[in-house]
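To start, the structure under review is shown below, and the notes come after it.
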Amino acid sequence: MNVGVVVFPGSNCDRDMFHVLSDVFNLNTHYCWHAKPLPENLDAVVLPGGFSYGDRLRAGVIAAHSPIIQDIKKISEKGIPILGVCNGFQILVESGLLPGVLLKNDSLNFMCEWTNLTVENNKTPFTNQFELNQKIPIPIANGEGRYFVDDETLDQLERKNQIVFKYDQVVNGSSNQIAGVCNDDGNIVGMMPHPERAVESEINPHDNKPSSLIFESLLKKMGVNN
Amino acid sequence: MSLESHELEELKSKIGREPTSTELQIVAAEWSEHCSYKSSKKHLKMLPMDGPLVIKEKGYDSGVLDVGDGYVITAHIESHNHPSAVEPYGGAATGVGGVIRDILSAGTRPIALLDGLRFGDIEKDQHAKWLFKNAVTGIADYGNCLGIPTVGGEVEFDECYTNYAMVDVAAIGFGKKENLIKNHAKKGDLVVLLGGATGRDGIGGSQFASDSLESEDRSAVQIPDPFIEKLIIEAILEARNEKLIHAMKDLGGGGLSCAVSETADSLDIGIEMDVDKVHTRESDMHSDEIMISESQERMLIVTDSEKLIKLQDICKKFRIDCSVIGHVTFDNKMHVKKSGKTIANISTDIVANATLLDLPSKKPIYLENIENTKSFPLLSDYSEVMLILLASPNIASKIWVYSQYDHEVGIRTVIKPGYDASVLRLDNGKFLSIKIDGNPKQCYINPREGAIGCFEEACRNVVCTGAKPIGMLDHLQFGNPKDPEIFWTFLESLKGLTDFAKDFDIPCIGGKVSLYNETPKGSIKPTPVIGVLGLIDKTPLRIQKINSGDCLIMIGNTKDELGGSEYSEYIHKFIGGKCPVVDFSDSKKNMNAVLEIIKTELIKSAHDCSKGGLAIAISELCMTNLIGCTVSLENIPGDKLDNDKILFSESHSRYLVTFEKKNIQNLEELLKKHNVTFKIIGEFGGESIQFTTDSKPLIDLSVDKAQKTWLNSLKEMVMHA
């Protein structure tokens, strides 16, 4: 199974994500430089965190206009699983692949801390191994991580089961404590917290198993026995 | 901002003619204190700089340590005090950028940052608060954007920094030994300037930093652009992998003048360059401005014409500019042209090597009576004193600061900020433990013992994670060295550090001297900041949660040493008293004992006892574990002392070790074998922090209340005017 990790100028969690996919979950992982066409043989794509284009103008907005986004749109229509983490989530939102926007945290500060998530949708390619309402201890690290949607869209997200993760307490002022959402089809998932920072027990002071399920869900979806 | 008259005469006699205006600018930048270390260099040689793990290469700005299995660690520390005092956001951010490029220059990837911040009294002084807030944001915005975790540091407030800012940044790099850049140059090699465009920012920055801060010369402060820095890091590492770099140096203080002359001098070559080839931000820059601009995010690279093509491709990929500005010659001269005409032609040896000074020193008068001890009046409620200390800016939790720094990116951070030292995992299965410590209050009272104390404290911190100290970084920050009394304090600190480093076989692998740290009210207190790197071969101490019934051992003696303590200065407003003194023999024994009990996995955690003394150190254990503890003061090892001295003295070489009761016997046996002073001093349980004397409570403080006070105090101070 081939997974692509998209690299924009300023991406900085690409190497961490690559390590987790290839060394922890033994997947064939490929860096995909944003200026080159997306390889055609990919079975899943991850947009990692970082500060693409230095987060100028607004987080993710410049990368959302990169040519590779059109390729990602195309393969997403085929149902291929796509995960955006942190800046990757911001890029997916800015490119219209996911609903909503990401605003500055209500503290107005960058926040790096461990949070607890609740799984709200266990049907996506990245959550199918979770129990509903299962908790995930996981770190966030962002300045513009407050997910916001208007009431009408929020309603729609709830009806269509597009809310994937919620914080179990108020972290940054996001609408309904949302931490991650998916598209209507459920194959594109975006989340602000960093699963790649939580899957190894050595660096996870809490419990690394729940975060690992995000990647194990992908393996399950692909029919890979790890 | 120019040469002093005797230096001008010296320059004239060395080159045998009148210097051109460009030569004057180049030499003034390079002979500044900041670039030349002319006041300190003679004395810095006393520090031990060699060791079995130390790797030395020509022209490195960072120290290199071999950590085995073909891997190396690089480390460096720098400050950006003057710029941060004027423009804290940009000053602090570019301070981060500069030290990162020193790490990159060796061919290693920067993997961690630590920063030491010092400001005036934020409780009273709005300006100090403004400086603090903006310096933190500057560091956060720069380091976070680069994806280099800020894993540790320290923050301190003292009136001696009023209207001033101390911003120290240490950076750690990691890489394969075979990828280290072996700086060299061949005839005909090209000299390339890569990265950001040269602009009018930071003009004369190194001279600005080599003088007392009198005018707010904002043009001397550099403008940060972390995005370009990030692109440079990735482009350079790609070029390194392709072996396209013969030699490399970052552009820092002194700009091109310094980078070109020092590269040529260290490689024993000449460089001929043309200022017209430099890519600039503005079209009408004067050649002198181009030569001394300290615009950030620039690297000087020596390569050959064949490799240049590949290097240009890499730069194209990352969309960064790269200009061939000159070539290597063999006349050992720095030859600068503009439009084909020579504007400077001078021996690199003259430029890069200012005449070193041997400044006079004299013991300061203020020190004659300062170590007189003083007994403080008994206070009515020591629980209240504890709460006041826990809320005080120097002791309160720094979570408001480090939660703004991405300390997880890079997925190496095993022990995260907030503990004694931070621990990073390395690719060879080993772990690196790092900490920086300063203590200007103690260094003011006794510059020698205070500096040794900082060094020992940083060692204690890494030892608490299970790491053996393998290298030290020193950052010596003092006032105007031309004042013999200040220079004396510099020498005393340096001698102290040297004695400790030699006795403990910890080589100094890098450092920096920052002088002329003067505020409108006079010189800062002596502020050496010491970084210690420790290596853990197997596993670091996995800190386990303390439960009810667990016990507490104290290793090391508590002495009558309240001088420079937070208790003395914050509660009693008294500066003076006996400065804590490190007993080398006890220090070594205690370190070895703690390292061994960590290895045997008999303990849950080890914690250093420092700022705020024993009372604060035990409270920290209780607050981070949300559990109470009862400690009887009669059990504390050491001479019989007044209660406040036992509670708050900041004596060195002391450790608090927590463990499950069942391990008591094994632990005692081990500690006896090491012949260290120790005692079981308390047991965890309940919901309050209690210190008793004669079985009566002296302090009884709810853990919950203590924790809330400690965690929120600094944030409240910053957020509310």
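Naming scheme: A, B, ... for chains in displayed order of the structure tokens; residues 1 onward per chain; ligands 1 onward as shown.
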**Item:** Which of stretch 450-573 of chain B fall in strand (DSSP E), as JSON, numbers by chain
**Value:** {"B": [468, 469, 470, 471, 472, 473, 474, 475, 476, 477, 508, 509, 510, 511, 512, 513, 514, 518, 519, 522, 523, 529, 530, 531, 532, 533, 534, 535, 536, 551, 552, 553, 554, 555]}
Who sits within 7 Å of A:Ile136, only C-alpha atoms, same chain under 4 positions skipped, as a PDB file with C-alpha atoms, in the first residue's frame:
```pdb
ATOM      1  CA  ASN A 116      -8.449  14.603  25.169  1.00  0.00           C
ATOM      2  CA  LEU A 117     -10.575  13.857  22.138  1.00  0.00           C
ATOM      3  CA  THR A 118     -13.847  11.992  21.864  1.00  0.00           C
ATOM      4  CA  PRO A 210      -5.903   5.221  21.011  1.00  0.00           C
ATOM      5  CA  SER A 211      -3.917   7.424  18.612  1.00  0.00           C
TER       6      SER A 211
END
```
Excluding same-chain residues fewer than 4 positions from stretch 573-589 of chain B, what lies within 9 Å of it counting only C-alpha atoms, as a compact mmCIF listing (two decimals) with N, CA and C atoms, in the first residue's frame?
```
# COMPACT_ATOMS: atom_id res chain seq x y z
N ASN B 369 31.46 43.56 52.06
CA ASN B 369 30.64 43.19 53.21
C ASN B 369 29.39 42.38 52.86
N ILE B 370 29.26 42.03 51.59
CA ILE B 370 27.97 41.49 51.17
C ILE B 370 27.64 40.11 51.72
N GLU B 371 28.67 39.33 52.03
CA GLU B 371 28.38 37.96 52.48
C GLU B 371 28.12 37.86 53.98
N ASN B 372 28.00 39.02 54.64
CA ASN B 372 27.63 38.98 56.06
C ASN B 372 26.28 38.32 56.20
N THR B 373 26.19 37.39 57.12
CA THR B 373 24.90 36.73 57.27
C THR B 373 23.97 37.61 58.09
N LYS B 374 22.73 37.34 57.89
CA LYS B 374 21.73 38.13 58.60
C LYS B 374 20.62 37.16 58.96
N LYS B 441 21.32 36.37 40.97
CA LYS B 441 21.25 36.80 42.37
C LYS B 441 22.45 36.25 43.14
N GLN B 442 22.75 34.97 42.92
CA GLN B 442 23.89 34.39 43.60
C GLN B 442 25.21 34.87 42.98
N CYS B 443 25.21 35.04 41.67
CA CYS B 443 26.45 35.50 41.00
C CYS B 443 26.81 36.93 41.42
N TYR B 444 25.81 37.70 41.80
CA TYR B 444 26.08 39.07 42.24
C TYR B 444 26.78 39.04 43.61
N ILE B 445 26.30 38.16 44.47
CA ILE B 445 26.86 38.08 45.82
C ILE B 445 28.24 37.44 45.80
N ASN B 446 28.40 36.47 44.93
CA ASN B 446 29.70 35.79 44.83
C ASN B 446 29.88 35.27 43.40
N GLU B 449 31.39 31.53 43.12
CA GLU B 449 30.55 30.43 43.61
C GLU B 449 29.19 30.43 42.91
N GLY B 450 28.71 31.62 42.57
CA GLY B 450 27.43 31.70 41.87
C GLY B 450 27.51 31.01 40.52
N ILE B 452 29.68 28.71 39.56
CA ILE B 452 29.83 27.26 39.77
C ILE B 452 28.46 26.65 40.09
N GLY B 453 27.69 27.40 40.88
CA GLY B 453 26.35 26.92 41.24
C GLY B 453 25.46 26.71 40.02
N GLU B 456 26.64 23.57 38.37
CA GLU B 456 26.25 22.35 39.09
C GLU B 456 24.75 22.13 39.00
N ARG B 460 22.92 18.87 37.84
CA ARG B 460 21.92 18.16 38.68
C ARG B 460 20.67 17.89 37.87
N PHE B 500 35.42 23.89 37.93
CA PHE B 500 34.39 22.85 37.99
C PHE B 500 34.50 21.95 36.75
N ASP B 503 37.50 19.66 37.08
CA ASP B 503 37.35 18.66 38.12
C ASP B 503 36.34 17.57 37.73
N PHE B 504 35.34 17.95 36.98
CA PHE B 504 34.28 17.00 36.62
C PHE B 504 34.46 16.45 35.20
N GLY B 556 22.00 14.91 50.17
CA GLY B 556 22.77 16.17 50.22
C GLY B 556 22.42 17.01 51.43
N LYS B 559 22.47 23.72 54.04
CA LYS B 559 23.40 24.55 54.82
C LYS B 559 22.84 25.95 55.05
N ASP B 560 23.56 26.69 55.87
CA ASP B 560 23.17 28.06 56.18
C ASP B 560 23.57 28.94 54.98
N GLU B 561 22.77 28.87 53.91
CA GLU B 561 23.14 29.56 52.67
C GLU B 561 21.93 30.26 52.05
N LEU B 562 21.43 31.26 52.74
CA LEU B 562 20.25 31.96 52.21
C LEU B 562 20.62 33.09 51.25
N GLY B 563 21.92 33.35 51.08
CA GLY B 563 22.35 34.46 50.22
C GLY B 563 21.86 34.28 48.79
N GLY B 564 21.24 35.31 48.24
CA GLY B 564 20.77 35.24 46.85
C GLY B 564 19.56 34.37 46.67
N SER B 565 18.94 33.93 47.79
CA SER B 565 17.77 33.05 47.65
C SER B 565 16.53 33.88 47.35
N TYR B 567 13.78 33.51 48.87
CA TYR B 567 13.22 33.84 50.19
C TYR B 567 13.82 35.15 50.70
N SER B 568 15.13 35.22 50.62
CA SER B 568 15.82 36.39 51.13
C SER B 568 15.45 37.64 50.32
N GLU B 569 15.46 37.50 49.00
CA GLU B 569 15.26 38.69 48.17
C GLU B 569 13.79 39.04 47.96
N ALA B 593 25.66 8.78 42.82
CA ALA B 593 24.66 7.98 43.54
C ALA B 593 23.30 8.08 42.85
N VAL B 594 22.91 9.29 42.47
CA VAL B 594 21.60 9.46 41.84
C VAL B 594 21.57 8.72 40.50
N SER B 649 16.83 27.77 52.15
CA SER B 649 18.22 27.90 51.72
C SER B 649 18.38 27.17 50.38
N GLU B 650 19.16 27.74 49.48
CA GLU B 650 19.30 27.14 48.15
C GLU B 650 20.64 26.42 47.99
N SER B 651 21.03 25.69 49.02
CA SER B 651 22.27 24.92 48.98
C SER B 651 22.28 23.97 47.78
N HIS B 652 23.46 23.74 47.24
CA HIS B 652 23.58 22.90 46.04
C HIS B 652 23.69 21.41 46.39
N SER B 653 23.84 20.61 45.34
CA SER B 653 24.11 19.17 45.43
C SER B 653 23.02 18.40 46.16
N ARG B 654 21.80 18.96 46.16
CA ARG B 654 20.71 18.27 46.87
C ARG B 654 19.69 17.70 45.87
N HIS B 674 27.51 4.38 48.29
CA HIS B 674 28.07 5.58 47.66
C HIS B 674 28.53 6.62 48.68
N ASN B 675 28.30 6.31 49.95
CA ASN B 675 28.80 7.18 51.01
C ASN B 675 28.26 8.60 50.91
N VAL B 676 26.98 8.73 50.56
CA VAL B 676 26.41 10.08 50.48
C VAL B 676 25.55 10.35 51.72
N THR B 677 25.37 11.62 52.02
CA THR B 677 24.49 11.99 53.11
C THR B 677 23.05 11.91 52.61
```
Proximity check chain A to chain B, 6 Å, nearest pairs one decimal Å, only C-alpha atoms, as a tab-separated table:
```
residue	atom	partner	partner_atom	distance
A:Asn12	CA	B:Gly147	CA	5.1
A:Asp16	CA	B:Gly410	CA	5.9
A:Phe51	CA	B:Cys145	CA	5.5
A:Gly54	CA	B:Phe227	CA	4.8
A:Phe110	CA	B:Gln404	CA	4.9
A:Met111	CA	B:Gln404	CA	5.1
A:Cys112	CA	B:Ser403	CA	4.8
A:Ala141	CA	B:Asp406	CA	6.0
A:Arg197	CA	B:Ile411	CA	5.8
A:Ile203	CA	B:Val414	CA	4.6
```
**Message:** Can you tell me which residues surround stretch 19-26 of chain B at a distance of at most 6 Å, considering only C-alpha atoms, apart from same-chain residues fewer than 4 positions away, and format the answer as a ChimeraX atom specification?
**Reply:** /B:257,288,344
**Message:** as a ChimeraX atom specification, please: every residue in stretch 1-225 of chain A that DSSP puts in alpha helix (DSSP H).
**Reply:** /A:14-19,68-77,87-94,151-159,209-222
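Near stretch 162-166 of chain A, within 8 Å and counting only C-alpha atoms, sit A:Leu117, A:Thr118, A:Val119, A:Glu120, A:Asn121, A:Asn122, A:Leu157, A:Glu158, A:Arg159, A:Lys160, A:Asp168, A:Asn176, A:Gln177, A:Ile178, A:Ala179, A:Gly180, A:Val181, A:Cys182, A:Asn183, A:Asp184, A:Gly186, A:Val189, A:Met191; same-chain residues fewer than 2 positions away were not included.
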**Request:** Could you give me, as a PyMOL selection string, the residues within 9 Å of stretch 165-175 of chain B, counting only C-alpha atoms and dropping anything in the same chain fewer than 6 positions from it?
**Result:** chain B and resi 64+70-86+88+91-92+95-96+99-100+102-104+106-120+128+131-132+135+150+153+426+436+473+475+477+517+529+531
**Message:** Ranking B:Ser619, B:Thr692, B:Ser2, B:Ser287 by minimum distance to B:Thr342 and counting only C-alpha atoms, which one comes first?
**Reply:** B:Ser287
**Request:** Extract, using only C-alpha atoms, all DNA, RNA and protein residues at most 12 Å from A:Ser107, discarding same-chain residues fewer than 6 positions from it, and format them as a ChimeraX atom specification.
**Result:** /A:142-146,170-174 /B:400,403-404,715,719
Residues from last step as file, N, CA and C atoms, as a PDB file, in the first residue's frame:
```pdb
ATOM      1  N   ASN A 142      -0.908  24.643  17.789  1.00  0.00           N
ATOM      2  CA  ASN A 142      -1.346  25.539  16.721  1.00  0.00           C
ATOM      3  C   ASN A 142      -1.674  26.924  17.261  1.00  0.00           C
ATOM      4  N   GLY A 143      -1.698  27.878  16.356  1.00  0.00           N
ATOM      5  CA  GLY A 143      -2.123  29.232  16.697  1.00  0.00           C
ATOM      6  C   GLY A 143      -3.500  29.517  16.130  1.00  0.00           C
ATOM      7  N   GLU A 144      -3.796  28.890  14.986  1.00  0.00           N
ATOM      8  CA  GLU A 144      -5.104  29.085  14.346  1.00  0.00           C
ATOM      9  C   GLU A 144      -5.805  27.740  14.293  1.00  0.00           C
ATOM     10  N   GLY A 145      -6.311  27.319  15.446  1.00  0.00           N
ATOM     11  CA  GLY A 145      -6.892  25.973  15.534  1.00  0.00           C
ATOM     12  C   GLY A 145      -8.344  25.970  15.925  1.00  0.00           C
ATOM     13  N   ARG A 146      -8.942  27.166  16.017  1.00  0.00           N
ATOM     14  CA  ARG A 146     -10.338  27.254  16.472  1.00  0.00           C
ATOM     15  C   ARG A 146     -11.253  27.014  15.283  1.00  0.00           C
ATOM     16  N   VAL A 170     -13.527  22.605  26.735  1.00  0.00           N
ATOM     17  CA  VAL A 170     -13.253  23.774  25.896  1.00  0.00           C
ATOM     18  C   VAL A 170     -11.735  23.990  25.837  1.00  0.00           C
ATOM     19  N   VAL A 171     -11.169  23.949  24.649  1.00  0.00           N
ATOM     20  CA  VAL A 171      -9.725  24.100  24.502  1.00  0.00           C
ATOM     21  C   VAL A 171      -9.378  25.448  23.882  1.00  0.00           C
ATOM     22  N   ASN A 172     -10.047  25.751  22.765  1.00  0.00           N
ATOM     23  CA  ASN A 172      -9.649  26.960  22.041  1.00  0.00           C
ATOM     24  C   ASN A 172     -10.852  27.786  21.562  1.00  0.00           C
ATOM     25  N   GLY A 173     -12.051  27.402  21.979  1.00  0.00           N
ATOM     26  CA  GLY A 173     -13.242  28.155  21.594  1.00  0.00           C
ATOM     27  C   GLY A 173     -13.889  27.669  20.309  1.00  0.00           C
ATOM     28  N   SER A 174     -13.507  26.476  19.834  1.00  0.00           N
ATOM     29  CA  SER A 174     -14.043  26.012  18.553  1.00  0.00           C
ATOM     30  C   SER A 174     -15.547  25.688  18.670  1.00  0.00           C
TER      31      SER A 174
ATOM     32  N   TRP B 400       2.776  29.186  31.107  1.00  0.00           N
ATOM     33  CA  TRP B 400       2.263  30.201  30.173  1.00  0.00           C
ATOM     34  C   TRP B 400       3.277  30.440  29.050  1.00  0.00           C
ATOM     35  N   SER B 403       3.953  26.687  26.936  1.00  0.00           N
ATOM     36  CA  SER B 403       2.828  26.165  26.156  1.00  0.00           C
ATOM     37  C   SER B 403       2.647  26.953  24.855  1.00  0.00           C
ATOM     38  N   GLN B 404       3.344  28.082  24.734  1.00  0.00           N
ATOM     39  CA  GLN B 404       3.289  28.822  23.461  1.00  0.00           C
ATOM     40  C   GLN B 404       4.363  28.348  22.481  1.00  0.00           C
ATOM     41  N   LYS B 715       0.595  33.864  34.316  1.00  0.00           N
ATOM     42  CA  LYS B 715      -0.351  34.238  33.277  1.00  0.00           C
ATOM     43  C   LYS B 715      -1.155  35.462  33.725  1.00  0.00           C
ATOM     44  N   MET B 719      -1.375  38.930  31.763  1.00  0.00           N
ATOM     45  CA  MET B 719      -2.610  39.302  31.081  1.00  0.00           C
ATOM     46  C   MET B 719      -3.281  40.530  31.711  1.00  0.00           C
TER      47      MET B 719
END
```
**Item:** Atomic separation - atom CA of B:Cys609 relative to atom CA of B:Ile555, Å
**Value:** 9.8 Å
